[in-house]
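Raw contents of input-v2.cif, mmCIF, N, CA and C atoms:
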data_run
#
loop_
_atom_site.label_atom_id
_atom_site.label_comp_id
_atom_site.auth_asym_id
_atom_site.auth_seq_id
_atom_site.Cartn_x
_atom_site.Cartn_y
_atom_site.Cartn_z
N MET A 1210 14.22 -9.54 -8.75
CA MET A 1210 13.03 -8.90 -8.25
C MET A 1210 12.65 -7.80 -9.23
N VAL A 1211 11.40 -7.76 -9.59
CA VAL A 1211 10.90 -6.72 -10.48
C VAL A 1211 10.64 -5.47 -9.67
N ARG A 1212 11.18 -4.34 -10.11
CA ARG A 1212 10.92 -3.07 -9.45
C ARG A 1212 10.97 -1.98 -10.50
N ILE A 1213 9.84 -1.32 -10.70
CA ILE A 1213 9.75 -0.28 -11.72
C ILE A 1213 9.21 0.97 -11.07
N GLY A 1214 10.05 1.70 -10.37
CA GLY A 1214 9.66 2.96 -9.74
C GLY A 1214 8.34 2.86 -9.02
N GLY A 1215 7.47 3.81 -9.27
CA GLY A 1215 6.16 3.84 -8.64
C GLY A 1215 5.08 3.21 -9.49
N ALA A 1216 5.47 2.53 -10.56
CA ALA A 1216 4.50 1.92 -11.47
C ALA A 1216 4.12 0.53 -10.97
N PHE A 1217 3.29 0.50 -9.93
CA PHE A 1217 2.96 -0.77 -9.28
C PHE A 1217 2.20 -1.71 -10.22
N ASP A 1218 1.29 -1.17 -11.02
CA ASP A 1218 0.54 -2.02 -11.95
C ASP A 1218 1.48 -2.68 -12.95
N LEU A 1219 2.44 -1.92 -13.46
CA LEU A 1219 3.41 -2.46 -14.41
C LEU A 1219 4.32 -3.49 -13.74
N THR A 1220 4.71 -3.21 -12.50
CA THR A 1220 5.54 -4.14 -11.73
C THR A 1220 4.82 -5.48 -11.55
N VAL A 1221 3.56 -5.43 -11.16
CA VAL A 1221 2.77 -6.65 -10.97
C VAL A 1221 2.61 -7.39 -12.30
N GLN A 1222 2.34 -6.66 -13.37
CA GLN A 1222 2.16 -7.30 -14.67
C GLN A 1222 3.44 -7.98 -15.13
N CYS A 1223 4.59 -7.37 -14.86
CA CYS A 1223 5.87 -8.01 -15.21
C CYS A 1223 6.05 -9.31 -14.44
N ALA A 1224 5.68 -9.32 -13.18
CA ALA A 1224 5.78 -10.55 -12.39
C ALA A 1224 4.82 -11.61 -12.93
N ILE A 1225 3.60 -11.21 -13.28
CA ILE A 1225 2.63 -12.15 -13.85
C ILE A 1225 3.16 -12.72 -15.16
N ASP A 1226 3.86 -11.90 -15.94
CA ASP A 1226 4.41 -12.34 -17.22
C ASP A 1226 5.69 -13.17 -17.07
N GLY A 1227 6.10 -13.42 -15.82
CA GLY A 1227 7.24 -14.29 -15.58
C GLY A 1227 8.59 -13.60 -15.64
N LEU A 1228 8.62 -12.29 -15.49
CA LEU A 1228 9.88 -11.56 -15.58
C LEU A 1228 10.61 -11.43 -14.25
N GLY A 1229 10.05 -11.99 -13.19
CA GLY A 1229 10.72 -11.93 -11.89
C GLY A 1229 9.72 -12.03 -10.76
N ILE A 1230 10.19 -11.76 -9.56
CA ILE A 1230 9.31 -11.78 -8.39
C ILE A 1230 9.02 -10.33 -8.00
N VAL A 1231 7.95 -10.16 -7.25
CA VAL A 1231 7.53 -8.82 -6.86
C VAL A 1231 7.33 -8.80 -5.34
N HIS A 1232 7.70 -7.67 -4.73
CA HIS A 1232 7.56 -7.51 -3.29
C HIS A 1232 6.74 -6.25 -3.03
N LEU A 1233 5.44 -6.44 -2.82
CA LEU A 1233 4.52 -5.34 -2.55
C LEU A 1233 3.61 -5.74 -1.41
N PHE A 1234 2.77 -4.82 -0.96
CA PHE A 1234 1.83 -5.12 0.10
C PHE A 1234 0.88 -6.22 -0.34
N GLU A 1235 0.58 -7.11 0.58
CA GLU A 1235 -0.29 -8.25 0.29
C GLU A 1235 -1.65 -7.81 -0.24
N ASP A 1236 -2.20 -6.74 0.30
CA ASP A 1236 -3.51 -6.27 -0.15
C ASP A 1236 -3.50 -5.92 -1.64
N TRP A 1237 -2.39 -5.39 -2.13
CA TRP A 1237 -2.29 -5.03 -3.54
C TRP A 1237 -2.18 -6.27 -4.42
N LEU A 1238 -1.58 -7.32 -3.88
CA LEU A 1238 -1.36 -8.54 -4.65
C LEU A 1238 -2.47 -9.57 -4.48
N ARG A 1239 -3.31 -9.42 -3.47
CA ARG A 1239 -4.32 -10.43 -3.12
C ARG A 1239 -5.16 -10.88 -4.31
N PRO A 1240 -5.69 -9.97 -5.15
CA PRO A 1240 -6.50 -10.44 -6.29
C PRO A 1240 -5.71 -11.36 -7.22
N HIS A 1241 -4.44 -11.08 -7.41
CA HIS A 1241 -3.60 -11.89 -8.31
C HIS A 1241 -3.20 -13.21 -7.65
N LEU A 1242 -3.04 -13.19 -6.33
CA LEU A 1242 -2.76 -14.43 -5.61
C LEU A 1242 -4.00 -15.33 -5.61
N ASP A 1243 -5.17 -14.73 -5.39
CA ASP A 1243 -6.41 -15.51 -5.36
C ASP A 1243 -6.73 -16.13 -6.72
N SER A 1244 -6.41 -15.39 -7.79
CA SER A 1244 -6.68 -15.91 -9.15
C SER A 1244 -5.59 -16.85 -9.64
N LYS A 1245 -4.55 -17.04 -8.82
CA LYS A 1245 -3.41 -17.91 -9.14
C LYS A 1245 -2.53 -17.35 -10.26
N ALA A 1246 -2.71 -16.06 -10.58
CA ALA A 1246 -1.83 -15.42 -11.56
C ALA A 1246 -0.43 -15.27 -10.96
N LEU A 1247 -0.37 -15.10 -9.64
CA LEU A 1247 0.90 -15.05 -8.91
C LEU A 1247 0.90 -16.14 -7.86
N GLU A 1248 2.08 -16.65 -7.57
CA GLU A 1248 2.23 -17.69 -6.56
C GLU A 1248 2.99 -17.12 -5.37
N PRO A 1249 2.46 -17.26 -4.17
CA PRO A 1249 3.16 -16.70 -3.01
C PRO A 1249 4.43 -17.48 -2.69
N ILE A 1250 5.47 -16.77 -2.32
CA ILE A 1250 6.73 -17.38 -1.89
C ILE A 1250 7.21 -16.67 -0.63
N LEU A 1251 7.99 -17.34 0.17
CA LEU A 1251 8.62 -16.78 1.36
C LEU A 1251 7.62 -16.12 2.31
N GLU A 1252 6.44 -16.70 2.46
CA GLU A 1252 5.38 -16.10 3.28
C GLU A 1252 5.80 -15.80 4.73
N PRO A 1253 6.64 -16.62 5.37
CA PRO A 1253 7.03 -16.29 6.74
C PRO A 1253 7.74 -14.93 6.86
N TRP A 1254 8.28 -14.42 5.78
CA TRP A 1254 9.02 -13.16 5.81
C TRP A 1254 8.21 -11.99 5.26
N TRP A 1255 6.95 -12.21 4.96
CA TRP A 1255 6.12 -11.12 4.47
C TRP A 1255 5.93 -10.08 5.56
N GLN A 1256 6.00 -8.83 5.18
CA GLN A 1256 5.73 -7.74 6.11
C GLN A 1256 4.25 -7.39 6.03
N ARG A 1257 3.65 -7.15 7.15
CA ARG A 1257 2.25 -6.76 7.20
C ARG A 1257 2.15 -5.24 7.17
N PHE A 1258 1.18 -4.74 6.46
CA PHE A 1258 0.95 -3.30 6.36
C PHE A 1258 0.06 -2.86 7.51
N SER A 1259 0.60 -2.04 8.39
CA SER A 1259 -0.16 -1.62 9.57
C SER A 1259 -0.97 -0.36 9.32
N GLY A 1260 -0.96 0.13 8.12
CA GLY A 1260 -1.74 1.31 7.79
C GLY A 1260 -0.87 2.53 7.55
N PRO A 1261 -1.43 3.52 6.89
CA PRO A 1261 -0.65 4.74 6.64
C PRO A 1261 -0.55 5.60 7.89
N TYR A 1262 0.47 6.40 7.94
CA TYR A 1262 0.67 7.34 9.03
C TYR A 1262 0.77 8.74 8.45
N LEU A 1263 0.24 9.69 9.16
CA LEU A 1263 0.27 11.08 8.72
C LEU A 1263 1.09 11.88 9.74
N TYR A 1264 2.19 12.45 9.28
CA TYR A 1264 3.04 13.26 10.14
C TYR A 1264 2.97 14.71 9.67
N TYR A 1265 2.78 15.61 10.60
CA TYR A 1265 2.79 17.02 10.29
C TYR A 1265 3.30 17.78 11.49
N HIS A 1266 3.80 18.95 11.25
CA HIS A 1266 4.45 19.74 12.30
C HIS A 1266 3.40 20.49 13.13
N GLY A 1267 3.27 20.07 14.37
CA GLY A 1267 2.43 20.79 15.32
C GLY A 1267 0.96 20.90 14.93
N ARG A 1268 0.20 21.51 15.81
CA ARG A 1268 -1.22 21.71 15.55
C ARG A 1268 -1.56 23.20 15.49
N ARG A 1269 -0.64 23.98 15.85
CA ARG A 1269 -0.87 25.42 15.88
C ARG A 1269 -0.55 26.02 14.51
N TYR A 1270 -1.39 26.89 14.03
CA TYR A 1270 -1.22 27.56 12.74
C TYR A 1270 -1.16 26.57 11.58
N LEU A 1271 -1.97 25.55 11.68
CA LEU A 1271 -2.04 24.55 10.62
C LEU A 1271 -2.79 25.14 9.43
N PRO A 1272 -2.22 25.09 8.21
CA PRO A 1272 -2.92 25.63 7.05
C PRO A 1272 -4.28 24.95 6.88
N SER A 1273 -5.26 25.70 6.44
CA SER A 1273 -6.63 25.20 6.31
C SER A 1273 -6.74 23.93 5.46
N PRO A 1274 -6.07 23.85 4.29
CA PRO A 1274 -6.18 22.62 3.50
C PRO A 1274 -5.63 21.39 4.25
N LEU A 1275 -4.53 21.58 4.97
CA LEU A 1275 -3.98 20.46 5.73
C LEU A 1275 -4.91 20.10 6.89
N ARG A 1276 -5.49 21.09 7.56
CA ARG A 1276 -6.43 20.82 8.66
C ARG A 1276 -7.64 20.03 8.14
N ALA A 1277 -8.14 20.40 6.94
CA ALA A 1277 -9.28 19.70 6.35
C ALA A 1277 -8.90 18.25 6.03
N PHE A 1278 -7.69 18.05 5.53
CA PHE A 1278 -7.23 16.70 5.20
C PHE A 1278 -7.09 15.85 6.46
N VAL A 1279 -6.50 16.41 7.50
CA VAL A 1279 -6.33 15.69 8.77
C VAL A 1279 -7.70 15.32 9.33
N ASP A 1280 -8.65 16.26 9.30
CA ASP A 1280 -10.00 15.97 9.79
C ASP A 1280 -10.66 14.86 8.98
N PHE A 1281 -10.47 14.88 7.67
CA PHE A 1281 -11.02 13.85 6.78
C PHE A 1281 -10.45 12.48 7.12
N ILE A 1282 -9.15 12.40 7.29
CA ILE A 1282 -8.50 11.13 7.61
C ILE A 1282 -8.97 10.62 8.97
N ASN A 1283 -9.03 11.51 9.95
CA ASN A 1283 -9.48 11.10 11.28
C ASN A 1283 -10.93 10.63 11.28
N ALA A 1284 -11.79 11.29 10.51
CA ALA A 1284 -13.19 10.88 10.43
C ALA A 1284 -13.31 9.48 9.84
N GLY A 1285 -12.53 9.18 8.81
CA GLY A 1285 -12.54 7.85 8.21
C GLY A 1285 -12.01 6.79 9.15
N ARG A 1286 -10.98 7.14 9.88
CA ARG A 1286 -10.40 6.21 10.84
C ARG A 1286 -11.38 5.91 11.96
N ASP A 1287 -12.01 6.96 12.49
CA ASP A 1287 -12.97 6.78 13.59
C ASP A 1287 -14.19 5.98 13.14
N ALA A 1288 -14.61 6.14 11.89
CA ALA A 1288 -15.78 5.42 11.38
C ALA A 1288 -15.49 3.93 11.23
N SER A 1289 -14.21 3.57 11.01
CA SER A 1289 -13.87 2.16 10.80
C SER A 1289 -13.64 1.42 12.12
N LEU A 1290 -13.62 2.13 13.23
CA LEU A 1290 -13.38 1.47 14.53
C LEU A 1290 -14.61 0.84 15.08
#
Taking this structure as input, can you express it in the form of structure tokens?
Amino acid sequence: MVRIGGAFDLTVQCAIDGLGIVHLFEDWLRPHLDSKALEPILEPWWQRFSGPYLYYHGRRYLPSPLRAFVDFINAGRDASL
């Protein structure tokens, strides 16, 4: 399995170049799967990405930058519903 730290683009390129298999979120690999640059394997065991989660301590005395970020994320989430 190809795994190069957080260098996802490099990891995918190594898999495309035949250096191994890659295990990443399907959404990140979809363009390469659609173009046939990568071939899907073991599909029954693929994990689905349910979305990011944001954890923070309490709501009281939340720093302003974090409050702005939380509001931004919530606004985007609400708009997509």
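For the pair CA of Tyr1265 (chain A) and CA of Asp1218 (chain A), the interatomic distance is 29.4 Å.
Coordinates place CA of Asp1236 (chain A) at a distance of 17.8 Å from CA of Cys1223 (chain A).
Atom pair atom C of Ala1216 (chain A) / atom C of Leu1242 (chain A): separated by 18.6 Å.
By chain and then residue number, the residues within 8 Å of region 1243-1249 of chain A are Ala1224, Ile1225 and Asp1226 of chain A, counting all atoms listed in the file and disregarding those fewer than 6 positions away in sequence.
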Filtered DSSP result for region 1213-1254 of chain A, state helix (DSSP H, G or I), as a ChimeraX atom specification: /A:1217-1225,1235-1243,1252-1254
Local residues around (9.4, -12.1, -1.2), at most 6.5 Å away, using only N, CA and C atoms, as a ChimeraX atom specification: /A:1231-1232,1250-1251
